[in-house]
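Text of the file run.pdb, holding PDB, C-alpha atoms, pLDDT in the B column:
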ATOM      1  CA  MET A  45      31.590   5.678   3.620  1.00 43.00           C
ATOM      2  CA  ALA A  46      30.205   8.681   5.534  1.00 49.00           C
ATOM      3  CA  LYS A  47      31.833   9.528   8.822  1.00 53.00           C
ATOM      4  CA  HIS A  48      29.707  10.088  11.906  1.00 53.00           C
ATOM      5  CA  GLY A  49      30.349  12.352  14.864  1.00 52.00           C
ATOM      6  CA  LYS A  50      31.427  11.388  18.365  1.00 53.00           C
ATOM      7  CA  THR A  51      27.886  11.330  19.755  1.00 52.00           C
ATOM      8  CA  TYR A  52      26.829   8.866  17.059  1.00 51.00           C
ATOM      9  CA  ASP A  53      29.808   6.620  17.767  1.00 53.00           C
ATOM     10  CA  ASP A  54      29.144   6.835  21.517  1.00 55.00           C
ATOM     11  CA  ALA A  55      25.528   5.823  20.956  1.00 53.00           C
ATOM     12  CA  LYS A  56      26.562   2.926  18.723  1.00 54.00           C
ATOM     13  CA  ALA A  57      28.889   1.648  21.430  1.00 58.00           C
ATOM     14  CA  ARG A  58      25.999   1.234  23.880  1.00 63.00           C
ATOM     15  CA  PHE A  59      24.532  -1.843  22.205  1.00 68.00           C
ATOM     16  CA  ASP A  60      25.419  -4.981  20.284  1.00 77.00           C
ATOM     17  CA  ARG A  61      24.905  -4.139  16.601  1.00 79.00           C
ATOM     18  CA  GLU A  62      24.579  -7.809  15.651  1.00 82.00           C
ATOM     19  CA  ARG A  63      22.045  -8.779  18.316  1.00 91.00           C
ATOM     20  CA  GLU A  64      18.332  -8.847  17.553  1.00 92.00           C
ATOM     21  CA  TYR A  65      16.623  -7.277  20.571  1.00 92.00           C
ATOM     22  CA  GLU A  66      13.101  -7.796  21.780  1.00 92.00           C
ATOM     23  CA  PRO A  67      10.902  -4.861  20.701  1.00 93.00           C
ATOM     24  CA  GLY A  68      10.676  -3.406  24.237  1.00 91.00           C
ATOM     25  CA  GLU A  69      14.448  -3.465  24.671  1.00 92.00           C
ATOM     26  CA  ALA A  70      14.997  -1.950  21.231  1.00 92.00           C
ATOM     27  CA  ILE A  71      12.579   0.907  21.923  1.00 92.00           C
ATOM     28  CA  MET A  72      14.328   1.632  25.217  1.00 91.00           C
ATOM     29  CA  LEU A  73      17.716   1.708  23.476  1.00 91.00           C
ATOM     30  CA  VAL A  74      16.720   4.054  20.669  1.00 90.00           C
ATOM     31  CA  LYS A  75      15.137   6.450  23.159  1.00 87.00           C
ATOM     32  CA  GLN A  76      18.337   6.432  25.219  1.00 84.00           C
ATOM     33  CA  MET A  77      20.423   7.095  22.116  1.00 80.00           C
ATOM     34  CA  LYS A  78      18.591  10.242  21.095  1.00 70.00           C
ATOM     35  CA  ARG A  79      21.340  12.572  19.839  1.00 65.00           C
ATOM     36  CA  ALA A  80      19.744  15.740  18.516  1.00 64.00           C
ATOM     37  CA  LYS A  81      18.449  18.659  20.560  1.00 74.00           C
ATOM     38  CA  PHE A  82      15.130  18.498  18.738  1.00 81.00           C
ATOM     39  CA  ASN A  83      12.446  15.862  19.343  1.00 85.00           C
ATOM     40  CA  GLU A  84      13.577  13.163  16.925  1.00 88.00           C
ATOM     41  CA  SER A  85      11.206  10.823  15.121  1.00 89.00           C
ATOM     42  CA  VAL A  86      11.354   7.100  15.853  1.00 93.00           C
ATOM     43  CA  GLU A  87      11.474   5.058  12.666  1.00 93.00           C
ATOM     44  CA  VAL A  88      10.871   1.399  11.872  1.00 95.00           C
ATOM     45  CA  HIS A  89      12.389  -0.211   8.790  1.00 96.00           C
ATOM     46  CA  VAL A  90      10.924  -3.598   7.823  1.00 96.00           C
ATOM     47  CA  ARG A  91      12.726  -5.639   5.174  1.00 96.00           C
ATOM     48  CA  THR A  92      10.334  -8.012   3.446  1.00 96.00           C
ATOM     49  CA  GLY A  93      10.981 -11.033   1.274  1.00 95.00           C
ATOM     50  CA  LEU A  94       8.799  -9.674  -1.531  1.00 96.00           C
ATOM     51  CA  ASN A  95       9.982  -9.496  -5.120  1.00 95.00           C
ATOM     52  CA  VAL A  96       8.780  -5.975  -5.847  1.00 93.00           C
ATOM     53  CA  ARG A  97       9.555  -6.347  -9.542  1.00 93.00           C
ATOM     54  CA  HIS A  98       6.395  -8.461  -9.738  1.00 94.00           C
ATOM     55  CA  ALA A  99       3.116  -6.536  -9.752  1.00 92.00           C
ATOM     56  CA  ASP A 100       1.408  -9.144  -7.579  1.00 94.00           C
ATOM     57  CA  GLU A 101       4.031  -8.726  -4.851  1.00 95.00           C
ATOM     58  CA  GLN A 102       3.643  -4.964  -4.439  1.00 90.00           C
ATOM     59  CA  LEU A 103       2.760  -3.822  -0.928  1.00 92.00           C
ATOM     60  CA  ARG A 104       0.970  -0.521  -0.392  1.00 88.00           C
ATOM     61  CA  GLY A 105      -1.734   0.766   1.904  1.00 89.00           C
ATOM     62  CA  THR A 106      -2.549   3.004   4.839  1.00 87.00           C
ATOM     63  CA  ILE A 107      -2.570   2.533   8.573  1.00 90.00           C
ATOM     64  CA  ALA A 108      -3.974   4.595  11.430  1.00 87.00           C
ATOM     65  CA  LEU A 109      -1.445   4.508  14.252  1.00 91.00           C
ATOM     66  CA  PRO A 110      -3.247   4.198  17.616  1.00 90.00           C
ATOM     67  CA  ASN A 111      -1.065   6.871  19.249  1.00 91.00           C
ATOM     68  CA  GLY A 112      -0.566   9.126  16.251  1.00 88.00           C
ATOM     69  CA  LEU A 113       2.745  10.541  15.067  1.00 85.00           C
ATOM     70  CA  GLY A 114       3.274  13.253  17.639  1.00 83.00           C
ATOM     71  CA  LYS A 115       3.405  15.971  15.021  1.00 77.00           C
ATOM     72  CA  GLU A 116       1.067  18.256  13.156  1.00 83.00           C
ATOM     73  CA  VAL A 117       0.175  16.681   9.820  1.00 87.00           C
ATOM     74  CA  LYS A 118      -0.153  19.302   7.078  1.00 93.00           C
ATOM     75  CA  ILE A 119      -2.807  18.426   4.505  1.00 96.00           C
ATOM     76  CA  ILE A 120      -3.704  19.921   1.147  1.00 97.00           C
ATOM     77  CA  VAL A 121      -6.949  19.116  -0.661  1.00 98.00           C
ATOM     78  CA  PHE A 122      -7.807  19.491  -4.328  1.00 98.00           C
ATOM     79  CA  ALA A 123     -11.531  20.183  -4.366  1.00 98.00           C
ATOM     80  CA  GLN A 124     -14.072  22.732  -5.460  1.00 97.00           C
ATOM     81  CA  GLY A 125     -17.476  23.981  -4.410  1.00 97.00           C
ATOM     82  CA  GLU A 126     -19.150  22.184  -1.524  1.00 97.00           C
ATOM     83  CA  LYS A 127     -16.307  19.665  -1.204  1.00 97.00           C
ATOM     84  CA  ALA A 128     -13.788  22.475  -0.838  1.00 97.00           C
ATOM     85  CA  ARG A 129     -15.861  23.888   2.000  1.00 97.00           C
ATOM     86  CA  GLU A 130     -16.028  20.449   3.671  1.00 97.00           C
ATOM     87  CA  ALA A 131     -12.257  20.136   3.458  1.00 97.00           C
ATOM     88  CA  GLU A 132     -11.707  23.537   5.031  1.00 97.00           C
ATOM     89  CA  GLU A 133     -14.171  22.819   7.847  1.00 97.00           C
ATOM     90  CA  SER A 134     -12.450  19.471   8.530  1.00 96.00           C
ATOM     91  CA  GLY A 135      -9.090  21.120   9.106  1.00 96.00           C
ATOM     92  CA  ALA A 136      -7.295  20.977   5.753  1.00 97.00           C
ATOM     93  CA  ASP A 137      -4.369  23.399   5.694  1.00 97.00           C
ATOM     94  CA  VAL A 138      -4.679  24.404   2.034  1.00 97.00           C
ATOM     95  CA  VAL A 139      -7.608  23.848  -0.340  1.00 98.00           C
ATOM     96  CA  GLY A 140      -7.634  24.685  -4.029  1.00 97.00           C
ATOM     97  CA  GLY A 141      -7.728  23.581  -7.625  1.00 97.00           C
ATOM     98  CA  GLU A 142      -5.738  24.908 -10.581  1.00 96.00           C
ATOM     99  CA  ASP A 143      -4.303  27.594  -8.318  1.00 97.00           C
ATOM    100  CA  LEU A 144      -2.976  24.995  -5.860  1.00 97.00           C
ATOM    101  CA  ALA A 145      -1.519  22.928  -8.699  1.00 97.00           C
ATOM    102  CA  GLN A 146       0.292  26.004  -9.995  1.00 97.00           C
ATOM    103  CA  LYS A 147       1.627  26.715  -6.514  1.00 96.00           C
ATOM    104  CA  ILE A 148       3.076  23.194  -6.318  1.00 97.00           C
ATOM    105  CA  GLN A 149       4.629  23.534  -9.768  1.00 96.00           C
ATOM    106  CA  GLU A 150       6.317  26.690  -8.519  1.00 96.00           C
ATOM    107  CA  GLY A 151       7.902  24.816  -5.619  1.00 96.00           C
ATOM    108  CA  PHE A 152       5.376  24.634  -2.776  1.00 96.00           C
ATOM    109  CA  ASP A 153       5.953  21.391  -0.869  1.00 93.00           C
ATOM    110  CA  ASP A 154       5.197  22.235   2.763  1.00 93.00           C
ATOM    111  CA  PHE A 155       2.626  19.488   3.282  1.00 93.00           C
ATOM    112  CA  ASP A 156       2.565  15.825   4.289  1.00 89.00           C
ATOM    113  CA  VAL A 157      -0.589  14.504   2.601  1.00 93.00           C
ATOM    114  CA  ALA A 158      -2.431  15.435  -0.586  1.00 96.00           C
ATOM    115  CA  ILE A 159      -6.101  14.522  -0.967  1.00 97.00           C
ATOM    116  CA  ALA A 160      -8.282  15.029  -4.042  1.00 98.00           C
ATOM    117  CA  THR A 161     -11.848  14.507  -5.166  1.00 98.00           C
ATOM    118  CA  PRO A 162     -12.118  12.299  -8.292  1.00 97.00           C
ATOM    119  CA  ASP A 163     -13.176  15.205 -10.510  1.00 97.00           C
ATOM    120  CA  MET A 164      -9.922  17.027  -9.690  1.00 97.00           C
ATOM    121  CA  MET A 165      -7.629  14.213 -10.831  1.00 97.00           C
ATOM    122  CA  PRO A 166      -7.134  15.664 -14.347  1.00 97.00           C
ATOM    123  CA  VAL A 167      -5.570  18.658 -12.598  1.00 97.00           C
ATOM    124  CA  VAL A 168      -3.651  16.587 -10.064  1.00 97.00           C
ATOM    125  CA  GLY A 169      -2.451  14.153 -12.725  1.00 95.00           C
ATOM    126  CA  LYS A 170      -0.269  16.875 -14.220  1.00 95.00           C
ATOM    127  CA  LEU A 171       1.679  16.921 -10.936  1.00 96.00           C
ATOM    128  CA  GLY A 172       2.651  13.245 -11.112  1.00 94.00           C
ATOM    129  CA  ARG A 173       6.343  13.941 -11.701  1.00 94.00           C
ATOM    130  CA  ILE A 174       6.422  16.106  -8.579  1.00 95.00           C
ATOM    131  CA  LEU A 175       4.075  14.312  -6.178  1.00 94.00           C
ATOM    132  CA  GLY A 176       4.902  10.752  -7.273  1.00 89.00           C
ATOM    133  CA  PRO A 177       8.596  10.671  -6.284  1.00 85.00           C
ATOM    134  CA  ALA A 178       7.727  12.452  -3.015  1.00 84.00           C
ATOM    135  CA  GLY A 179       5.173   9.766  -2.135  1.00 82.00           C
ATOM    136  CA  LYS A 180       2.387  12.351  -2.003  1.00 90.00           C
ATOM    137  CA  MET A 181       0.351  11.550  -5.112  1.00 94.00           C
ATOM    138  CA  PRO A 182      -3.347  11.072  -4.272  1.00 95.00           C
ATOM    139  CA  ASN A 183      -4.393   7.468  -4.837  1.00 92.00           C
ATOM    140  CA  PRO A 184      -7.847   5.852  -4.539  1.00 92.00           C
ATOM    141  CA  LYS A 185      -6.246   2.628  -3.219  1.00 86.00           C
ATOM    142  CA  VAL A 186      -5.102   4.417  -0.061  1.00 86.00           C
ATOM    143  CA  GLY A 187      -8.176   6.611   0.356  1.00 90.00           C
ATOM    144  CA  THR A 188      -6.691   9.916  -0.766  1.00 94.00           C
ATOM    145  CA  VAL A 189      -8.853  10.155  -3.892  1.00 96.00           C
ATOM    146  CA  THR A 190     -12.340  10.306  -2.456  1.00 97.00           C
ATOM    147  CA  MET A 191     -15.570  12.261  -2.308  1.00 97.00           C
ATOM    148  CA  ASP A 192     -15.554  11.909   1.478  1.00 97.00           C
ATOM    149  CA  VAL A 193     -12.866  14.553   1.944  1.00 97.00           C
ATOM    150  CA  ALA A 194     -13.977  15.310   5.506  1.00 96.00           C
ATOM    151  CA  LYS A 195     -13.265  11.734   6.600  1.00 95.00           C
ATOM    152  CA  ALA A 196      -9.957  11.618   4.710  1.00 95.00           C
ATOM    153  CA  VAL A 197      -8.743  14.858   6.277  1.00 96.00           C
ATOM    154  CA  LYS A 198      -9.734  13.835   9.803  1.00 92.00           C
ATOM    155  CA  GLU A 199      -8.079  10.407   9.488  1.00 90.00           C
ATOM    156  CA  SER A 200      -4.862  11.924   8.153  1.00 90.00           C
ATOM    157  CA  LYS A 201      -4.804  14.518  10.927  1.00 89.00           C
ATOM    158  CA  ALA A 202      -5.263  11.717  13.483  1.00 85.00           C
ATOM    159  CA  GLY A 203      -2.163   9.867  12.292  1.00 81.00           C
ATOM    160  CA  LYS A 204      -3.226   7.771   9.307  1.00 86.00           C
ATOM    161  CA  VAL A 205      -0.119   7.195   7.229  1.00 84.00           C
ATOM    162  CA  GLU A 206       0.651   5.553   3.911  1.00 85.00           C
ATOM    163  CA  TYR A 207       3.166   2.742   3.612  1.00 90.00           C
ATOM    164  CA  ARG A 208       4.745   1.043   0.632  1.00 90.00           C
ATOM    165  CA  THR A 209       7.742  -1.098  -0.214  1.00 93.00           C
ATOM    166  CA  ASP A 210      10.676   0.718  -1.785  1.00 92.00           C
ATOM    167  CA  ARG A 211      12.778  -0.695  -4.617  1.00 92.00           C
ATOM    168  CA  THR A 212      14.629  -2.952  -2.185  1.00 94.00           C
ATOM    169  CA  ALA A 213      11.395  -4.343  -0.654  1.00 96.00           C
ATOM    170  CA  ILE A 214      11.771  -2.351   2.586  1.00 96.00           C
ATOM    171  CA  VAL A 215       8.901  -0.511   4.293  1.00 96.00           C
ATOM    172  CA  HIS A 216      10.014   2.673   6.067  1.00 94.00           C
ATOM    173  CA  LEU A 217       7.638   4.257   8.588  1.00 93.00           C
ATOM    174  CA  VAL A 218       7.727   6.777  11.420  1.00 91.00           C
ATOM    175  CA  ILE A 219       5.981   5.376  14.513  1.00 93.00           C
ATOM    176  CA  GLY A 220       6.185   8.401  16.804  1.00 91.00           C
ATOM    177  CA  LYS A 221       8.569  10.770  18.543  1.00 91.00           C
ATOM    178  CA  SER A 222      11.447  10.079  20.903  1.00 91.00           C
ATOM    179  CA  ASP A 223       9.534  11.673  23.789  1.00 91.00           C
ATOM    180  CA  PHE A 224       6.685   9.137  23.439  1.00 93.00           C
ATOM    181  CA  GLU A 225       6.262   6.630  26.243  1.00 93.00           C
ATOM    182  CA  GLU A 226       7.723   3.209  25.418  1.00 93.00           C
ATOM    183  CA  LEU A 227       4.278   1.588  25.469  1.00 93.00           C
ATOM    184  CA  ALA A 228       2.886   4.130  22.972  1.00 93.00           C
ATOM    185  CA  LEU A 229       5.720   3.382  20.546  1.00 94.00           C
ATOM    186  CA  LEU A 230       5.247  -0.368  21.024  1.00 94.00           C
ATOM    187  CA  GLU A 231       1.525  -0.071  20.341  1.00 93.00           C
ATOM    188  CA  ASN A 232       2.229   1.859  17.132  1.00 94.00           C
ATOM    189  CA  TYR A 233       4.819  -0.731  16.113  1.00 95.00           C
ATOM    190  CA  ALA A 234       2.375  -3.560  16.817  1.00 93.00           C
ATOM    191  CA  ALA A 235      -0.200  -1.851  14.613  1.00 93.00           C
ATOM    192  CA  VAL A 236       2.345  -1.593  11.785  1.00 94.00           C
ATOM    193  CA  ILE A 237       3.310  -5.267  11.986  1.00 94.00           C
ATOM    194  CA  ASP A 238      -0.335  -6.394  12.202  1.00 93.00           C
ATOM    195  CA  GLU A 239      -1.151  -4.317   9.126  1.00 94.00           C
ATOM    196  CA  LEU A 240       1.802  -5.641   7.117  1.00 95.00           C
ATOM    197  CA  ILE A 241       0.827  -9.213   7.975  1.00 94.00           C
ATOM    198  CA  ARG A 242      -2.807  -8.516   7.063  1.00 93.00           C
ATOM    199  CA  ALA A 243      -1.771  -7.001   3.740  1.00 94.00           C
ATOM    200  CA  LYS A 244       0.695  -9.766   2.802  1.00 94.00           C
ATOM    201  CA  PRO A 245       0.333 -10.366  -0.953  1.00 94.00           C
ATOM    202  CA  SER A 246      -1.029 -13.823  -1.747  1.00 93.00           C
ATOM    203  CA  ALA A 247       1.800 -14.308  -4.259  1.00 93.00           C
ATOM    204  CA  ALA A 248       4.481 -13.842  -1.585  1.00 92.00           C
ATOM    205  CA  LYS A 249       6.828 -16.805  -1.230  1.00 90.00           C
ATOM    206  CA  GLY A 250       9.266 -17.794   1.481  1.00 91.00           C
ATOM    207  CA  ARG A 251       9.987 -15.776   4.588  1.00 92.00           C
ATOM    208  CA  TYR A 252       7.839 -12.639   4.520  1.00 94.00           C
ATOM    209  CA  ILE A 253       9.355 -10.410   7.222  1.00 94.00           C
ATOM    210  CA  ARG A 254      13.131 -10.749   6.929  1.00 94.00           C
ATOM    211  CA  SER A 255      14.379  -8.117   9.361  1.00 95.00           C
ATOM    212  CA  VAL A 256      13.232  -5.169  11.481  1.00 96.00           C
ATOM    213  CA  THR A 257      15.279  -2.156  12.588  1.00 95.00           C
ATOM    214  CA  PHE A 258      14.414   0.738  14.903  1.00 95.00           C
ATOM    215  CA  ALA A 259      16.213   4.080  14.752  1.00 92.00           C
ATOM    216  CA  THR A 260      15.739   7.725  15.621  1.00 90.00           C
ATOM    217  CA  THR A 261      16.196  10.434  12.999  1.00 84.00           C
ATOM    218  CA  MET A 262      19.873  10.985  13.848  1.00 84.00           C
ATOM    219  CA  GLY A 263      20.721   7.771  15.707  1.00 84.00           C
ATOM    220  CA  PRO A 264      22.089   4.346  14.746  1.00 86.00           C
ATOM    221  CA  GLY A 265      19.790   1.446  13.907  1.00 91.00           C
ATOM    222  CA  VAL A 266      18.946  -1.234  16.476  1.00 94.00           C
ATOM    223  CA  LYS A 267      17.995  -4.677  15.161  1.00 94.00           C
ATOM    224  CA  VAL A 268      14.713  -6.162  16.378  1.00 94.00           C
ATOM    225  CA  ASP A 269      13.903  -9.865  16.583  1.00 92.00           C
ATOM    226  CA  PRO A 270      11.504 -10.321  13.613  1.00 86.00           C
ATOM    227  CA  SER A 271       9.982 -13.414  15.206  1.00 83.00           C
ATOM    228  CA  ARG A 272       8.576 -11.224  17.976  1.00 74.00           C
ATOM    229  CA  VAL A 273       5.824  -9.784  15.813  1.00 57.00           C
ATOM    230  CA  ARG A 274       2.970 -10.980  17.979  1.00 51.00           C
ATOM    231  CA  ASP A 275       2.086 -10.217  21.592  1.00 46.00           C
ATOM    232  CA  ILE A 276       4.754  -7.494  21.677  1.00 50.00           C
ATOM    233  CA  VAL A 277       2.630  -5.045  23.626  1.00 47.00           C
ATOM    234  CA  GLU A 278       2.011  -7.599  26.369  1.00 47.00           C
ATOM    235  CA  GLU A 279       5.718  -7.990  27.134  1.00 46.00           C
ATOM    236  CA  PRO A 280       7.065  -5.870  29.999  1.00 44.00           C
ATOM    237  CA  VAL A 281       8.872  -2.720  28.949  1.00 46.00           C
ATOM    238  CA  PRO A 282      12.321  -2.568  30.588  1.00 46.00           C
ATOM    239  CA  ALA A 283      12.572  -0.044  33.406  1.00 42.00           C
TER     240      ALA A 283
END

The structure in this file should be written as structure tokens.
Amino acid sequence: MAKHGKTYDDAKARFDREREYEPGEAIMLVKQMKRAKFNESVEVHVRTGLNVRHADEQLRGTIALPNGLGKEVKIIVFAQGEKAREAEESGADVVGGEDLAQKIQEGFDDFDVAIATPDMMPVVGKLGRILGPAGKMPNPKVGTVTMDVAKAVKESKAGKVEYRTDRTAIVHLVIGKSDFEELALLENYAAVIDELIRAKPSAAKGRYIRSVTFATTMGPGVKVDPSRVRDIVEEPVPA
């Protein structure tokens, strides 16, 4: 078991690790327990009751967080001709084709989202072993393989993020930064929960949302009452 430093242990001592807090209380706690000198991300980890070994219980999609992520999203686009120009004008950080693919094969990974036009997928497909494990492979199901590259770039820059269950049926997402106002983080969290409920696979059985945990990048996790998945923005945020 990994050992944590004194600041981590001090933070952990500030709350009941077994208690499931209301979302507003949990947000307040994780903000108070910020440990690092940098502006940490605030994460939400949602354990679902899905059996991800079954294809009809896979959960994957995209969500536009109402208050963004609080960071610059770096985007690359595989496109050529007019579509390459559209991508550049929309704010893409790097645009290319075979040259960009070669750059990635040589180790370039300083980007958050990869977008491609359909005609570029034969080139992008060769990068599956690199982009797939990193969660950056363009996919038409989440809108990152598209002819409307301008829209895709703008949405990604505005805070549209991809989500998916991991092998243990947990969805991990960043919902903002530790310097966000509590209400902004709650609104982003509400959007995540609403989207997960909307996207619930029809084959899902039993309890869908099993547990929810908030944490900052370097801080301990705070359990959240999973039954409080509705009307969470209307509740008063603790002073």

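Taking only C-alpha atoms into account, A:Val236 lies nearest to A:Glu206 out of the set A:Glu101, A:Glu206, A:Glu64, A:Glu116.
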
For A:Ala202, list every protein, DNA or RNA residue within 12 Å, evaluated using all atoms listed in the file, and leave out those in the same chain fewer than 6 positions away; present the list as a short mmCIF file (atom, residue, chain, number, x, y, z; two decimals) with C-alpha atoms, keeping the file's coordinate frame.
data_model
loop_
_atom_site.label_atom_id
_atom_site.label_comp_id
_atom_site.auth_asym_id
_atom_site.auth_seq_id
_atom_site.Cartn_x
_atom_site.Cartn_y
_atom_site.Cartn_z
CA ILE A 107 -2.57 2.53 8.57
CA ALA A 108 -3.97 4.60 11.43
CA LEU A 109 -1.44 4.51 14.25
CA PRO A 110 -3.25 4.20 17.62
CA ASN A 111 -1.06 6.87 19.25
CA GLY A 112 -0.57 9.13 16.25
CA LEU A 113 2.74 10.54 15.07
CA GLY A 114 3.27 13.25 17.64
CA LYS A 115 3.40 15.97 15.02
CA GLU A 116 1.07 18.26 13.16
CA VAL A 117 0.18 16.68 9.82
CA LYS A 118 -0.15 19.30 7.08
CA ILE A 119 -2.81 18.43 4.50
CA SER A 134 -12.45 19.47 8.53
CA GLY A 135 -9.09 21.12 9.11
CA LYS A 195 -13.26 11.73 6.60
CA ALA A 196 -9.96 11.62 4.71
#

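Picture a line from atom CA of A:Thr257 to atom CA of A:Thr188; it runs 28.4 Å.
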
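Restricting the calculation to all atoms listed in the file, the smallest distance between A:Leu73 and any of A:Pro270, A:Gly169, A:Pro177, A:Pro264 is found for A:Pro264.
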
Would you kindly return, as a JSON list (two decimals) with C-alpha atoms, in the coordinates of the input, each protein, DNA or RNA residue with an atom no farther than 12 Å from any atom of A:Lys147, considering all atoms listed in the file and excluding same-chain residues fewer than 4 positions away?
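After the write, selection_18.json holds the following:
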[["chain", "number", "residue", "atom", "x", "y", "z"],
["A", 120, "ILE", "CA", -3.70, 19.92, 1.15],
["A", 138, "VAL", "CA", -4.68, 24.40, 2.03],
["A", 139, "VAL", "CA", -7.61, 23.85, -0.34],
["A", 140, "GLY", "CA", -7.63, 24.68, -4.03],
["A", 141, "GLY", "CA", -7.73, 23.58, -7.62],
["A", 142, "GLU", "CA", -5.74, 24.91, -10.58],
["A", 143, "ASP", "CA", -4.30, 27.59, -8.32],
["A", 151, "GLY", "CA", 7.90, 24.82, -5.62],
["A", 152, "PHE", "CA", 5.38, 24.63, -2.78],
["A", 153, "ASP", "CA", 5.95, 21.39, -0.87],
["A", 154, "ASP", "CA", 5.20, 22.24, 2.76],
["A", 168, "VAL", "CA", -3.65, 16.59, -10.06],
["A", 171, "LEU", "CA", 1.68, 16.92, -10.94],
["A", 174, "ILE", "CA", 6.42, 16.11, -8.58]]

A:Arg242, A:Lys249, A:His98, A:Lys204: which is nearest A:Val218, counting all atoms listed in the file?
A:Lys204

Edge lengths and centre, in Å to one decimal, as JSON: that's what I need for the box along x, y and z that holds all listed atoms of stretch 258-266 of chain A plus 8 Å on each side.
{"center_x": 18.3, "center_y": 4.9, "center_z": 14.7, "size_x": 23.7, "size_y": 28.2, "size_z": 19.5}

Generate the missing atoms of stretch 262-274 of chain A up to N, CA and C atoms and report them as a CSV table (one decimal), in the coordinates of the input.
chain,number,residue,atom,x,y,z
A,262,MET,N,18.4,10.8,13.9
A,262,MET,CA,19.9,11.0,13.8
A,262,MET,C,20.7,9.9,14.5
A,263,GLY,N,20.0,8.8,15.0
A,263,GLY,CA,20.7,7.8,15.7
A,263,GLY,C,21.0,6.5,14.9
A,264,PRO,N,21.8,5.6,15.4
A,264,PRO,CA,22.1,4.3,14.7
A,264,PRO,C,20.9,3.4,14.8
A,265,GLY,N,20.9,2.4,13.9
A,265,GLY,CA,19.8,1.4,13.9
A,265,GLY,C,20.0,0.3,14.9
A,266,VAL,N,18.9,-0.1,15.5
A,266,VAL,CA,18.9,-1.2,16.5
A,266,VAL,C,18.1,-2.4,15.9
A,267,LYS,N,18.7,-3.5,15.7
A,267,LYS,CA,18.0,-4.7,15.2
A,267,LYS,C,17.0,-5.2,16.1
A,268,VAL,N,15.8,-5.6,15.6
A,268,VAL,CA,14.7,-6.2,16.4
A,268,VAL,C,14.5,-7.6,15.9
A,269,ASP,N,14.2,-8.5,16.9
A,269,ASP,CA,13.9,-9.9,16.6
A,269,ASP,C,12.6,-9.9,15.7
A,270,PRO,N,12.7,-10.3,14.5
A,270,PRO,CA,11.5,-10.3,13.6
A,270,PRO,C,10.5,-11.4,14.0
A,271,SER,N,10.9,-12.4,14.8
A,271,SER,CA,10.0,-13.4,15.2
A,271,SER,C,9.0,-12.9,16.3
A,272,ARG,N,9.4,-11.8,16.9
A,272,ARG,CA,8.6,-11.2,18.0
A,272,ARG,C,7.6,-10.2,17.4
A,273,VAL,N,6.8,-10.7,16.5
A,273,VAL,CA,5.8,-9.8,15.8
A,273,VAL,C,4.4,-10.0,16.3
A,274,ARG,N,4.3,-10.8,17.3
A,274,ARG,CA,3.0,-11.0,18.0
A,274,ARG,C,3.1,-10.8,19.5
